[in-house]
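Presented below is the structure to which this report refers.
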Amino acid sequence: MEFAELIKTPRVDGVVLHRPFMPTVEGTLCLTGHHLILSSRQDNTEELWLLHSNIDSIEKRFAGSLGSIIVKCKDLRVIQLDIPGMEECLNIASSVEALSTLDILSLMYPFFYRPMFEVIEDGWNSFLPEEAFKDLESMTDEWRLSEVNKDFSVCSSYPPLVAVPKDVDDDTLRKVATFRHGGRFPVLSYYHKKNGMVMMRAGQPLTGTNGRRCKEDEKLINATLRPGKRGYVIDTRTINVAQQAKARGGGFESEANYPQWRRIHKAIERSNILQESLIKLVEACNDQSHSMDRWLSKLEASNWQTHVKEILTTACLAAQCIDREGASVLVHGTEGTDSTLQVTSLAQIILDPACRTIRGFQGLVEREWLQAGHPFHQRCAMSAFSNSKPRQEAPVFLLFLDCVWQILRQFPCSFEFSESFLVLVFEHAYASQFGTFLGNSTAERTKLSLPEKTVSLWSWVNRPQELERLTNPLYEANSLVIWPSVAPQSLLLWEGVFLRWNRSSKCLDEAYEEMVHIIEYNKELQNKVNSLRRQLAQLETEDPLLQTP
């Protein structure tokens, strides 16, 4: 298919762009296969380059011969384009609608993008399972890398290599896969260096109404327990939802068959509820009524902060079981690709200081989201503005990033990365020139040859100038476990995402620059103090009379 077929009017002059808190710009609007571009000959004006894949919905308005298009984006931006001529306006609107709803992965922009920067490090090779396993091998010899899924036949959403207990062979894994939802047999998610406890993740067991049993499954998860130790199964569904799943062939681990494991149910909402919550939250943030009662009631009705609290609470529980109780943990919900990954990745943010560095966080996203089979293409197909009925869309990954931001805000010196890094990852998960978040699984990315045909987001992020921009100036390495507060008073609205386009950032930018200046000045003074101390010590060794009492 040719993009030109979808572009009815490729260029219109005299178009006026309106953006909140920015001067209006008049210029020429151009449509390409992947971008909506507005360029102006006015001095000191920034060109608008908007990916079609970033457009969630558009609205058309007409006044006489002048038409306006309201463009609502997946990054929650809303812009207005005033287009002279009704026909041109209708043509632009229908072209943008067609181009922004293309669902053919191989026609997405990452396949056409050519980087204008030097690729110092290929991000596709930065976080391979083999490399992560080398770190594990340096701590324990109780695990192995299995190639049982090398052709994706055992589990279509798992990567080719997974870490499993050393004493469990591949035939056992194949049998367990038939007993777990989507073939997602229990695999290692995290090894806690401090006490050797582990966190695993899986899909729900397929016990059904007849209470089906799988001895191999019991053997696999018991292989992770130390002699005399108990483990915890954290089920991210309420007991009622888990009971109902039995009627559809799903279920949970019965205490009779798993006597060494204690099951805990936590209520994390399913994807359709989360999508409705995001829509209500963004609607509240864009409400221009200026009524305090209306704002607070809309914010509460969205239930977004409740979801943040539920996820953080469950992640803290998993971390407590591992660090304080000295127990291993198995986490699953239904599929094991949404709430499960929120919990396992946030527990690692709490427990592992390496995950609080820029590279460590990239590795976490690779391991626990991309390689673990979170369906990004389905979940991020629409954001908060889409007019079509949600199918499988849900802000699962955005909620995870929100939870990370909550912890970052409570421990501002313990993270190497700044809020800007989290916002950047959010933007690229929904629309990007990079191939990192394309597809729903490693199997799909392999089939599309993404590492050969597209550039990784991490190739961009890990350049020195970009790392400098994304580094938190307050960072001081903290090797301790950090325990965030999940009290309602401690959880705030993530303004950097949800109110980002609704207010001027001038004051915040100035405050940030002043903070950086103070930190740099403090470093200079500290260096002077250290230098003077060295000089004093030198003088004291040369002249004993100067020695301090």
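Here's how to read the names in the structure tokens: chain A, B, ... by the order shown, residue numbers from 1 in each chain, ligand numbers from 1 in the order shown.
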
So which residues of segment 119-323 of chain A fall under strand (DSSP E) by DSSP, listed as a short mmCIF file (atom, residue, chain, number, x, y, z; two decimals) with all heavy atoms, in the first residue's frame?
data_model
loop_
_atom_site.label_atom_id
_atom_site.label_comp_id
_atom_site.auth_asym_id
_atom_site.auth_seq_id
_atom_site.Cartn_x
_atom_site.Cartn_y
_atom_site.Cartn_z
N TRP A 143 20.39 -22.01 39.54
CA TRP A 143 19.52 -21.71 38.41
C TRP A 143 20.24 -21.97 37.10
O TRP A 143 21.47 -21.97 37.04
CB TRP A 143 19.03 -20.26 38.47
CG TRP A 143 18.20 -20.01 39.68
CD1 TRP A 143 18.65 -19.78 40.95
CD2 TRP A 143 16.78 -20.04 39.76
NE1 TRP A 143 17.59 -19.65 41.82
CE2 TRP A 143 16.42 -19.79 41.12
CE3 TRP A 143 15.76 -20.22 38.83
CZ2 TRP A 143 15.11 -19.74 41.55
CZ3 TRP A 143 14.44 -20.17 39.25
CH2 TRP A 143 14.12 -19.93 40.60
N ARG A 144 19.47 -22.17 36.04
CA ARG A 144 20.05 -22.36 34.71
C ARG A 144 19.23 -21.61 33.68
O ARG A 144 18.06 -21.28 33.92
CB ARG A 144 20.11 -23.85 34.36
CG ARG A 144 18.73 -24.48 34.11
CD ARG A 144 18.84 -25.96 33.80
NE ARG A 144 17.51 -26.55 33.53
CZ ARG A 144 16.95 -26.64 32.33
NH1 ARG A 144 17.59 -26.18 31.28
NH2 ARG A 144 15.76 -27.19 32.18
N LEU A 145 19.84 -21.33 32.54
CA LEU A 145 19.12 -20.72 31.41
C LEU A 145 18.60 -21.84 30.52
O LEU A 145 19.39 -22.63 29.99
CB LEU A 145 20.05 -19.81 30.60
CG LEU A 145 20.04 -18.31 30.89
CD1 LEU A 145 20.84 -17.58 29.83
CD2 LEU A 145 18.64 -17.73 30.97
N SER A 146 17.30 -21.92 30.36
CA SER A 146 16.71 -22.97 29.53
C SER A 146 16.39 -22.43 28.14
O SER A 146 15.90 -21.30 28.00
CB SER A 146 15.42 -23.49 30.18
OG SER A 146 14.71 -24.31 29.26
N VAL A 162 14.93 -18.53 29.29
CA VAL A 162 14.33 -18.20 30.58
C VAL A 162 15.13 -18.87 31.70
O VAL A 162 15.69 -19.96 31.50
CB VAL A 162 12.84 -18.64 30.66
CG1 VAL A 162 11.96 -17.75 29.81
CG2 VAL A 162 12.67 -20.10 30.27
N ALA A 163 15.17 -18.23 32.86
CA ALA A 163 15.89 -18.79 34.01
C ALA A 163 14.94 -19.66 34.83
O ALA A 163 13.85 -19.21 35.22
CB ALA A 163 16.45 -17.66 34.87
N VAL A 164 15.36 -20.90 35.08
CA VAL A 164 14.54 -21.86 35.82
C VAL A 164 15.44 -22.60 36.82
O VAL A 164 16.66 -22.59 36.69
CB VAL A 164 13.87 -22.88 34.86
CG1 VAL A 164 12.87 -22.19 33.96
CG2 VAL A 164 14.91 -23.64 34.05
N PRO A 165 14.84 -23.29 37.84
CA PRO A 165 15.66 -24.04 38.79
C PRO A 165 16.52 -25.09 38.07
O PRO A 165 16.07 -25.75 37.13
CB PRO A 165 14.62 -24.70 39.70
CG PRO A 165 13.43 -23.82 39.62
CD PRO A 165 13.41 -23.32 38.21
N VAL A 187 8.81 -18.75 35.99
CA VAL A 187 10.21 -18.45 35.66
C VAL A 187 10.76 -17.44 36.68
O VAL A 187 10.00 -16.74 37.35
CB VAL A 187 10.37 -17.88 34.23
CG1 VAL A 187 9.96 -18.90 33.19
CG2 VAL A 187 9.57 -16.58 34.06
N LEU A 188 12.08 -17.37 36.76
CA LEU A 188 12.73 -16.45 37.70
C LEU A 188 12.55 -15.01 37.25
O LEU A 188 12.79 -14.67 36.09
CB LEU A 188 14.22 -16.77 37.82
CG LEU A 188 15.02 -15.87 38.77
CD1 LEU A 188 14.61 -16.13 40.23
CD2 LEU A 188 16.51 -16.07 38.61
N SER A 189 12.12 -14.18 38.17
CA SER A 189 12.00 -12.74 37.91
C SER A 189 13.13 -11.98 38.61
O SER A 189 13.73 -11.07 38.05
CB SER A 189 10.64 -12.25 38.39
OG SER A 189 10.55 -10.85 38.33
N TYR A 190 13.45 -12.39 39.87
CA TYR A 190 14.43 -11.64 40.65
C TYR A 190 15.06 -12.54 41.72
O TYR A 190 14.37 -13.35 42.34
CB TYR A 190 13.74 -10.44 41.32
CG TYR A 190 14.59 -9.70 42.33
CD1 TYR A 190 15.72 -8.98 41.93
CD2 TYR A 190 14.28 -9.74 43.69
CE1 TYR A 190 16.51 -8.31 42.87
CE2 TYR A 190 15.06 -9.06 44.63
CZ TYR A 190 16.17 -8.36 44.21
OH TYR A 190 16.96 -7.70 45.13
N TYR A 191 16.37 -12.39 41.89
CA TYR A 191 17.11 -13.09 42.94
C TYR A 191 17.62 -12.06 43.94
O TYR A 191 18.31 -11.11 43.56
CB TYR A 191 18.29 -13.85 42.32
CG TYR A 191 19.14 -14.60 43.33
CD1 TYR A 191 18.83 -15.91 43.70
CD2 TYR A 191 20.26 -14.00 43.91
CE1 TYR A 191 19.61 -16.60 44.62
CE2 TYR A 191 21.04 -14.68 44.83
CZ TYR A 191 20.71 -15.98 45.19
OH TYR A 191 21.48 -16.65 46.11
N VAL A 198 13.88 -15.66 46.19
CA VAL A 198 13.60 -15.34 44.79
C VAL A 198 12.15 -14.91 44.60
O VAL A 198 11.28 -15.19 45.43
CB VAL A 198 13.88 -16.55 43.86
CG1 VAL A 198 15.34 -16.95 43.92
CG2 VAL A 198 12.96 -17.72 44.18
N MET A 199 11.93 -14.22 43.47
CA MET A 199 10.58 -13.89 43.04
C MET A 199 10.39 -14.50 41.65
O MET A 199 11.23 -14.31 40.76
CB MET A 199 10.39 -12.37 42.99
CG MET A 199 9.03 -11.92 42.51
SD MET A 199 8.72 -10.16 42.91
CE MET A 199 10.16 -9.38 42.17
N MET A 200 9.32 -15.26 41.50
CA MET A 200 8.98 -15.85 40.20
C MET A 200 7.65 -15.26 39.71
O MET A 200 6.90 -14.69 40.50
CB MET A 200 8.84 -17.36 40.32
CG MET A 200 10.12 -18.08 40.68
SD MET A 200 9.84 -19.86 40.81
CE MET A 200 8.66 -19.93 42.14
N ARG A 201 7.41 -15.43 38.41
CA ARG A 201 6.12 -15.00 37.85
C ARG A 201 5.62 -16.06 36.89
O ARG A 201 6.41 -16.85 36.35
CB ARG A 201 6.23 -13.64 37.17
CG ARG A 201 7.40 -13.48 36.25
CD ARG A 201 7.40 -12.12 35.57
NE ARG A 201 8.70 -11.78 35.02
CZ ARG A 201 9.20 -12.31 33.91
NH1 ARG A 201 8.50 -13.20 33.24
NH2 ARG A 201 10.39 -11.94 33.47
N GLY A 231 6.78 -20.49 51.16
CA GLY A 231 6.74 -19.45 50.15
C GLY A 231 5.37 -18.79 50.11
O GLY A 231 4.42 -19.27 50.74
N TYR A 232 5.28 -17.68 49.37
CA TYR A 232 4.00 -16.97 49.24
C TYR A 232 3.61 -16.90 47.77
O TYR A 232 4.42 -16.55 46.92
CB TYR A 232 4.11 -15.54 49.78
CG TYR A 232 4.25 -15.46 51.28
CD1 TYR A 232 5.50 -15.47 51.89
CD2 TYR A 232 3.12 -15.38 52.10
CE1 TYR A 232 5.63 -15.40 53.28
CE2 TYR A 232 3.23 -15.31 53.49
CZ TYR A 232 4.49 -15.33 54.05
OH TYR A 232 4.62 -15.26 55.42
N VAL A 233 2.36 -17.25 47.48
CA VAL A 233 1.78 -17.02 46.15
C VAL A 233 0.97 -15.74 46.26
O VAL A 233 -0.01 -15.67 47.02
CB VAL A 233 0.86 -18.18 45.70
CG1 VAL A 233 0.19 -17.83 44.37
CG2 VAL A 233 1.65 -19.47 45.57
N ILE A 234 1.38 -14.71 45.52
CA ILE A 234 0.62 -13.45 45.52
C ILE A 234 -0.22 -13.43 44.25
O ILE A 234 0.31 -13.32 43.13
CB ILE A 234 1.56 -12.23 45.61
CG1 ILE A 234 2.31 -12.26 46.95
CG2 ILE A 234 0.77 -10.93 45.45
CD1 ILE A 234 3.31 -11.13 47.13
N ASP A 235 -1.52 -13.58 44.42
CA ASP A 235 -2.48 -13.60 43.32
C ASP A 235 -3.06 -12.19 43.21
O ASP A 235 -3.64 -11.67 44.19
CB ASP A 235 -3.59 -14.62 43.61
CG ASP A 235 -4.46 -14.92 42.40
OD1 ASP A 235 -4.72 -13.98 41.62
OD2 ASP A 235 -4.89 -16.08 42.25
N TRP A 261 3.13 -23.41 50.48
CA TRP A 261 2.91 -22.07 49.93
C TRP A 261 1.64 -21.47 50.53
O TRP A 261 0.60 -22.11 50.54
CB TRP A 261 2.79 -22.13 48.41
CG TRP A 261 4.09 -22.51 47.76
CD1 TRP A 261 4.58 -23.77 47.62
CD2 TRP A 261 5.06 -21.62 47.22
NE1 TRP A 261 5.81 -23.73 47.01
CE2 TRP A 261 6.13 -22.42 46.75
CE3 TRP A 261 5.14 -20.23 47.07
CZ2 TRP A 261 7.27 -21.87 46.15
CZ3 TRP A 261 6.26 -19.69 46.48
CH2 TRP A 261 7.31 -20.51 46.03
N ARG A 262 1.76 -20.24 51.00
CA ARG A 262 0.59 -19.52 51.51
C ARG A 262 0.11 -18.56 50.43
O ARG A 262 0.89 -17.79 49.88
CB ARG A 262 0.98 -18.73 52.77
CG ARG A 262 -0.22 -18.04 53.39
CD ARG A 262 0.16 -17.16 54.56
NE ARG A 262 -0.92 -16.22 54.86
CZ ARG A 262 -0.76 -15.08 55.49
NH1 ARG A 262 0.44 -14.72 55.90
NH2 ARG A 262 -1.78 -14.28 55.73
N ARG A 263 -1.18 -18.61 50.11
CA ARG A 263 -1.74 -17.79 49.04
C ARG A 263 -2.33 -16.50 49.60
O ARG A 263 -3.07 -16.53 50.58
CB ARG A 263 -2.83 -18.59 48.30
CG ARG A 263 -3.17 -18.04 46.93
CD ARG A 263 -4.15 -18.94 46.19
NE ARG A 263 -5.47 -18.93 46.82
CZ ARG A 263 -6.01 -19.94 47.46
NH1 ARG A 263 -5.35 -21.08 47.59
NH2 ARG A 263 -7.22 -19.86 47.98
N ILE A 264 -1.98 -15.39 48.96
CA ILE A 264 -2.51 -14.08 49.36
C ILE A 264 -3.17 -13.44 48.13
O ILE A 264 -2.54 -13.35 47.07
CB ILE A 264 -1.40 -13.14 49.89
CG1 ILE A 264 -0.64 -13.80 51.06
CG2 ILE A 264 -1.98 -11.80 50.32
CD1 ILE A 264 0.60 -13.03 51.48
N HIS A 265 -4.40 -13.01 48.28
CA HIS A 265 -5.11 -12.35 47.17
C HIS A 265 -5.08 -10.84 47.35
O HIS A 265 -5.38 -10.33 48.43
CB HIS A 265 -6.56 -12.84 47.10
CG HIS A 265 -6.68 -14.25 46.63
ND1 HIS A 265 -6.78 -14.59 45.30
CD2 HIS A 265 -6.69 -15.43 47.33
CE1 HIS A 265 -6.86 -15.90 45.19
NE2 HIS A 265 -6.81 -16.44 46.40
#

Item checked: Picked from segment 414-459 of chain A by DSSP as helix (DSSP H, G or I), as a list in words ->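 Answer for segment 414-459 of chain A, restricted to helix (DSSP H, G or I): Glu419, Ser420, Phe421, Leu422, Val423, Leu424, Val425, Phe426, Glu427, His428, Ala429, Tyr430, Thr442, Ala443, Glu444, Arg445, Thr446, Lys447, Leu450, Pro451, Glu452, Lys453, Leu457, Trp458 and Ser459 of chain A.
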
Margin query: Nearest residue to Leu225 of chain A out of A:Asp293, A:Glu476, A:Glu47, A:Glu142, using only C-alpha atoms?
Written below: A:Glu142

Check: Can you list, as a list in words, every protein, DNA or RNA residue that comes within 8 Å of Ala93 of chain A when you count only C-alpha atoms, leaving out same-chain residues fewer than 3 positions away?
Finding: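 Here the answer would be Ile58, Lys60, Ile69, Cys89, Leu90, Val96 and Glu97 of chain A.
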
Pick out the residues sitting within 10 Å of Ala354 of chain A, and hand them over as a short mmCIF file (atom, residue, chain, number, x, y, z; two decimals) with C-alpha atoms, in the first residue's frame; count only C-alpha atoms, and ignore anything fewer than 5 positions along from it in its own chain.
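This is the output file selection_5.cif:
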data_model
loop_
_atom_site.label_atom_id
_atom_site.label_comp_id
_atom_site.auth_asym_id
_atom_site.auth_seq_id
_atom_site.Cartn_x
_atom_site.Cartn_y
_atom_site.Cartn_z
CA GLN A 348 12.62 -4.79 42.23
CA ILE A 349 12.65 -0.97 42.31
CA ARG A 359 20.85 1.56 32.82
CA GLY A 360 19.34 -0.63 35.53
CA PHE A 361 15.87 0.75 34.82
CA GLY A 363 17.27 -3.45 31.92
CA LEU A 364 14.21 -3.79 34.16
CA PHE A 415 17.27 7.46 41.83
CA GLU A 416 19.92 8.20 39.22
CA ALA A 477 23.83 6.02 45.42
CA ASN A 478 21.77 4.27 48.11
CA SER A 479 22.41 0.54 48.56
#
